Amino acid sequence: MIVVMRRGSPPEAIQAVVERINELGFRAHLSAGVEQTIIGVIGDERPVNESVFRMLDGVEKVVRILKPYKLASRDFHPLDTVVPINGVTVGGKRIVIMAGPCSVESREQLRETAQAVKEAGAHILRAGAFKPRTSPYSFQGLGIRALELLAEIKPELGMPIITEVMAPEHVQVVAECADILQIGTRNMQNFSLLHTVGDLGRPVLLKRGMMSTMEELLMSAEYILSHGNQRLMLCERGIRTFETYTRNTLDLSAVPVLKQMTHLPILIDPSHATGNWEWVTPLSLAAVAAGSDGLLIEVHPHPDKALSDGAQQLRPERFAELVQRARVVAEAVGREL
Ligand code: PEP
Ligand code: MN
């Protein structure tokens with residue numbers, strides 16, 4: 001942290017800042033210029049709020065040097081993190097596809113979709129049991145019944161499963177059948193949920209809040225990492241902008257930018273980002289080209305009858321075409337699919 005003093009600050013004001021720095025257990029490094037004095041605060045500044053210095057007489061501004069997140073940063077962990085999930089690895093050379101219905105609706109719908117996405121080349125089955133819906137009158141998911149159906153098809157399917165958990169009290173029951181716990185956009189800052197999944201240690205896919213910055217996403221990641229759970233993946237799923245033609249705006253810059261900021265794998269969800277199946281394939285190809293480690297895609301055998309997110313779900317044959325085209329792009333950028 002650097003404390004910049006106002007021009008012409010009296011020596012007593014500078015001395016008071018130095019004393020406060022020492023009181024807090026840091027060392028002060030004084031750089032007295034002709035017009036202005038700058039004081040360096042030496043030590044790990046992360047737990048300290050800038051206001052402890054900004055409030056003192058004569059202080060013009062306080063500038064942080066260290067990033068507010070630590071365990072998630074590349075400085076702390078320079079190599080890419082690779083997350084092993086029961087036979088599938090996320091974050092390596094191979095791009096991983098998680099696909100399936102928005103919601104588990106019935107045994108037949110789940111089985112048909114799961115088999116179709118597996119045949120088309122998906123590596124992990126996605127399917128919602130607890131659904132975070134904007135309206136309390138919309139379909140809320142089958143809950144525990146959906147988890148039972150997921151547990152039922154799992155042995156015959158032989159694919160890891162990802163499903164969303166919305167509340168700390170559901171973490172245990174969801175973890176009984178899920179290989180990856182998904183934290184949705186609306187819960188990115190549900191801190192008690194982040195603590196609970198951090199303690200559990202099961203792989204987690206943390207989705208970016210629709211109104212959150214990349215730095216805020218990494219601060220939420222830090223909650224999970226600080227509990228010792230390193231098996232963490234991040235997902236960009238579209239953010240709110242002034243554009244209303246698409247459901248959200250896919251922030252593809254999140255891929256290269258987050259890859260610089262953090263060692264964690266980054267996935268893209270073009271289904272929730274666009275809200276329209278027609279734009280899911282082009283943005284999937286762009287995501288692979290930009291360096292995404294994986295895709296999260298909604299697929300439904302009959303999107304017109306879907307109980308949630310029908311407009312954005314791909315029919316299985318369109319999903320199969322997406323995988324083939326994404327494979328070509330993956331090879332072109334030195335990845336595998
Ligand atoms: C989902 O993936 O099922 C979902 C609800 O996504 P999001 O949290 O990104 O809206
Ligand atoms: Mn959905």
# chains A, B, ... in the order shown; residues from 1 in each chain; ligands from 1
call {"tool": "residues_around", "arguments": {"residues": "Cys177 of chain A", "least_positions_apart": "3", "cutoff": "10 Å", "atoms": "only C-alpha atoms", "output": "ChimeraX atom specification"}}
result
/A:147-152,154,160-163,172-174,180-181
call {"tool": "residues_around", "arguments": {"residues": "Ile183 of chain A", "least_positions_apart": "2", "cutoff": "10 Å", "atoms": "only C-alpha atoms", "output": "list in words"}}
result
Thr163, Glu164, Val165, Met166, Ala167, Ile180, Leu181, Thr185, Arg186, Asn187, Met188, Gln189, Asn190, Leu193, Leu194, Val197, Val204, Leu205, Leu206, Lys207, Arg208, Gly209, Leu234 and Cys235 of chain A
call {"tool": "residues_near_ligand", "arguments": {"ligand": "ligand 1", "cutoff": "6 Å", "atoms": "only C-alpha atoms and all ligand atoms", "output": "JSON, numbers by chain"}}
result
{"A": [102, 128, 132, 184, 185, 186, 237, 272]}
call {"tool": "residues_around", "arguments": {"residues": "Leu322 of chain A", "least_positions_apart": "4", "cutoff": "9 Å", "atoms": "only C-alpha atoms", "output": "list in words"}}
result
Val280, Thr281, Pro282, Ser284, Leu285, Glu317, Arg318, Ala326 and Arg327 of chain A
call {"tool": "closest_residue", "arguments": {"among": "A:Ala306, A:Val82, A:Val329, A:Ile65", "to": "ligand 2", "atoms": "only C-alpha atoms and all ligand atoms"}}
result
A:Ala306
call {"tool": "residues_around", "arguments": {"residues": "Arg20 of chain A", "least_positions_apart": "3", "cutoff": "12 Å", "atoms": "only C-alpha atoms", "output": "JSON, numbers by chain"}}
result
{"A": [3, 13, 14, 15, 16, 17, 23, 24, 25, 26, 27, 28, 39, 41, 51, 52, 53, 54, 55, 56, 57]}
call {"tool": "write_last_selection", "arguments": {"atoms": "all heavy atoms", "output": "short mmCIF file (atom, residue, chain, number, x, y, z; two decimals), in the first residue's frame"}}
result
data_model
loop_
_atom_site.label_atom_id
_atom_site.label_comp_id
_atom_site.auth_asym_id
_atom_site.auth_seq_id
_atom_site.Cartn_x
_atom_site.Cartn_y
_atom_site.Cartn_z
N VAL A 3 0.82 5.44 0.68
CA VAL A 3 0.06 6.59 1.18
C VAL A 3 0.66 7.85 0.56
O VAL A 3 1.85 8.13 0.73
CB VAL A 3 0.13 6.67 2.73
CG1 VAL A 3 -0.68 7.85 3.24
CG2 VAL A 3 -0.35 5.36 3.36
N ALA A 13 1.99 15.79 10.31
CA ALA A 13 1.00 14.93 9.64
C ALA A 13 1.71 13.68 9.10
O ALA A 13 1.20 12.55 9.23
CB ALA A 13 0.32 15.69 8.51
N ILE A 14 2.89 13.90 8.54
CA ILE A 14 3.66 12.76 7.99
C ILE A 14 4.05 11.82 9.13
O ILE A 14 3.90 10.60 9.04
CB ILE A 14 4.91 13.28 7.23
CG1 ILE A 14 4.43 14.07 6.00
CG2 ILE A 14 5.84 12.13 6.83
CD1 ILE A 14 5.51 14.88 5.31
N GLN A 15 4.47 12.41 10.22
CA GLN A 15 4.88 11.61 11.39
C GLN A 15 3.71 10.79 11.93
O GLN A 15 3.86 9.62 12.30
CB GLN A 15 5.44 12.57 12.48
CG GLN A 15 6.09 11.88 13.66
CD GLN A 15 7.14 10.84 13.23
OE1 GLN A 15 7.82 10.99 12.22
NE2 GLN A 15 7.25 9.75 14.00
N ALA A 16 2.51 11.39 11.92
CA ALA A 16 1.32 10.68 12.44
C ALA A 16 1.01 9.45 11.57
O ALA A 16 0.63 8.39 12.08
CB ALA A 16 0.12 11.63 12.48
N VAL A 17 1.19 9.60 10.26
CA VAL A 17 0.94 8.45 9.37
C VAL A 17 1.97 7.36 9.64
O VAL A 17 1.62 6.17 9.76
CB VAL A 17 0.99 8.90 7.87
CG1 VAL A 17 0.88 7.68 6.95
CG2 VAL A 17 -0.14 9.87 7.57
N GLU A 23 2.18 1.22 14.34
CA GLU A 23 1.20 0.66 15.30
C GLU A 23 0.52 -0.59 14.75
O GLU A 23 0.21 -1.52 15.48
CB GLU A 23 0.09 1.69 15.52
CG GLU A 23 0.13 2.47 16.81
CD GLU A 23 -0.90 3.59 16.73
OE1 GLU A 23 -2.03 3.34 16.25
OE2 GLU A 23 -0.52 4.70 17.10
N LEU A 24 0.26 -0.56 13.42
CA LEU A 24 -0.45 -1.69 12.80
C LEU A 24 0.49 -2.86 12.48
O LEU A 24 0.08 -3.85 11.88
CB LEU A 24 -1.17 -1.23 11.53
CG LEU A 24 -2.40 -0.34 11.79
CD1 LEU A 24 -2.82 0.38 10.51
CD2 LEU A 24 -3.57 -1.16 12.33
N GLY A 25 1.76 -2.70 12.83
CA GLY A 25 2.72 -3.80 12.64
C GLY A 25 3.42 -3.79 11.29
O GLY A 25 4.05 -4.77 10.90
N PHE A 26 3.31 -2.67 10.55
CA PHE A 26 4.00 -2.56 9.25
C PHE A 26 5.25 -1.69 9.42
O PHE A 26 5.43 -1.06 10.46
CB PHE A 26 3.08 -1.91 8.21
CG PHE A 26 1.86 -2.71 7.90
CD1 PHE A 26 0.62 -2.32 8.40
CD2 PHE A 26 1.93 -3.85 7.12
CE1 PHE A 26 -0.52 -3.05 8.12
CE2 PHE A 26 0.79 -4.59 6.83
CZ PHE A 26 -0.43 -4.20 7.33
N ARG A 27 6.06 -1.67 8.34
CA ARG A 27 7.19 -0.75 8.32
C ARG A 27 6.86 0.37 7.35
O ARG A 27 6.21 0.13 6.33
CB ARG A 27 8.46 -1.46 7.86
CG ARG A 27 9.20 -2.12 9.02
CD ARG A 27 10.58 -2.62 8.62
NE ARG A 27 10.60 -3.41 7.43
CZ ARG A 27 11.20 -3.03 6.29
NH1 ARG A 27 11.82 -1.87 6.22
NH2 ARG A 27 11.19 -3.83 5.24
N ALA A 28 7.33 1.58 7.64
CA ALA A 28 7.06 2.70 6.74
C ALA A 28 8.33 3.01 5.94
O ALA A 28 9.44 2.97 6.48
CB ALA A 28 6.65 3.92 7.56
N ILE A 39 4.51 7.64 1.22
CA ILE A 39 4.96 6.69 2.26
C ILE A 39 4.55 5.28 1.87
O ILE A 39 3.36 5.00 1.67
CB ILE A 39 4.34 7.05 3.64
CG1 ILE A 39 4.55 8.54 3.93
CG2 ILE A 39 4.94 6.19 4.74
CD1 ILE A 39 3.72 9.05 5.10
N VAL A 41 3.89 1.38 2.65
CA VAL A 41 3.54 0.54 3.81
C VAL A 41 4.07 -0.84 3.49
O VAL A 41 3.60 -1.50 2.57
CB VAL A 41 2.01 0.50 4.02
CG1 VAL A 41 1.65 -0.30 5.26
CG2 VAL A 41 1.45 1.91 4.09
N SER A 51 -9.04 2.86 4.62
CA SER A 51 -9.57 3.99 5.38
C SER A 51 -8.75 4.28 6.65
O SER A 51 -8.76 5.41 7.13
CB SER A 51 -11.03 3.77 5.74
OG SER A 51 -11.13 2.65 6.55
N VAL A 52 -8.02 3.27 7.16
CA VAL A 52 -7.24 3.53 8.38
C VAL A 52 -6.19 4.61 8.14
O VAL A 52 -5.79 5.32 9.06
CB VAL A 52 -6.56 2.26 8.97
CG1 VAL A 52 -7.56 1.25 9.44
CG2 VAL A 52 -5.57 1.65 8.02
N PHE A 53 -5.76 4.73 6.88
CA PHE A 53 -4.79 5.80 6.56
C PHE A 53 -5.48 7.01 5.92
O PHE A 53 -5.10 8.14 6.14
CB PHE A 53 -3.70 5.28 5.62
CG PHE A 53 -2.94 4.12 6.20
CD1 PHE A 53 -2.92 2.89 5.56
CD2 PHE A 53 -2.26 4.24 7.40
CE1 PHE A 53 -2.23 1.81 6.09
CE2 PHE A 53 -1.57 3.17 7.95
CZ PHE A 53 -1.55 1.95 7.29
N ARG A 54 -6.51 6.71 5.12
CA ARG A 54 -7.16 7.80 4.38
C ARG A 54 -7.78 8.84 5.32
O ARG A 54 -7.88 10.01 5.00
CB ARG A 54 -8.22 7.23 3.43
CG ARG A 54 -8.43 8.14 2.22
CD ARG A 54 -9.59 7.70 1.36
NE ARG A 54 -9.32 6.50 0.59
CZ ARG A 54 -10.15 5.46 0.54
NH1 ARG A 54 -11.28 5.48 1.22
NH2 ARG A 54 -9.86 4.43 -0.19
N MET A 55 -8.18 8.40 6.51
CA MET A 55 -8.83 9.29 7.47
C MET A 55 -7.85 10.25 8.14
O MET A 55 -8.27 11.20 8.80
CB MET A 55 -9.50 8.47 8.59
CG MET A 55 -10.37 7.35 8.13
SD MET A 55 -11.98 7.91 7.70
CE MET A 55 -12.62 8.32 9.29
N LEU A 56 -6.55 9.98 8.02
CA LEU A 56 -5.58 10.81 8.77
C LEU A 56 -5.37 12.16 8.08
O LEU A 56 -5.48 12.26 6.85
CB LEU A 56 -4.26 10.06 8.91
CG LEU A 56 -4.33 8.72 9.64
CD1 LEU A 56 -2.96 8.04 9.65
CD2 LEU A 56 -4.80 8.93 11.09
N ASP A 57 -5.04 13.17 8.87
CA ASP A 57 -4.81 14.52 8.33
C ASP A 57 -3.71 14.50 7.28
O ASP A 57 -2.67 13.86 7.48
CB ASP A 57 -4.37 15.49 9.45
CG ASP A 57 -5.55 15.86 10.33
OD1 ASP A 57 -6.69 15.60 9.89
OD2 ASP A 57 -5.32 16.38 11.43
#
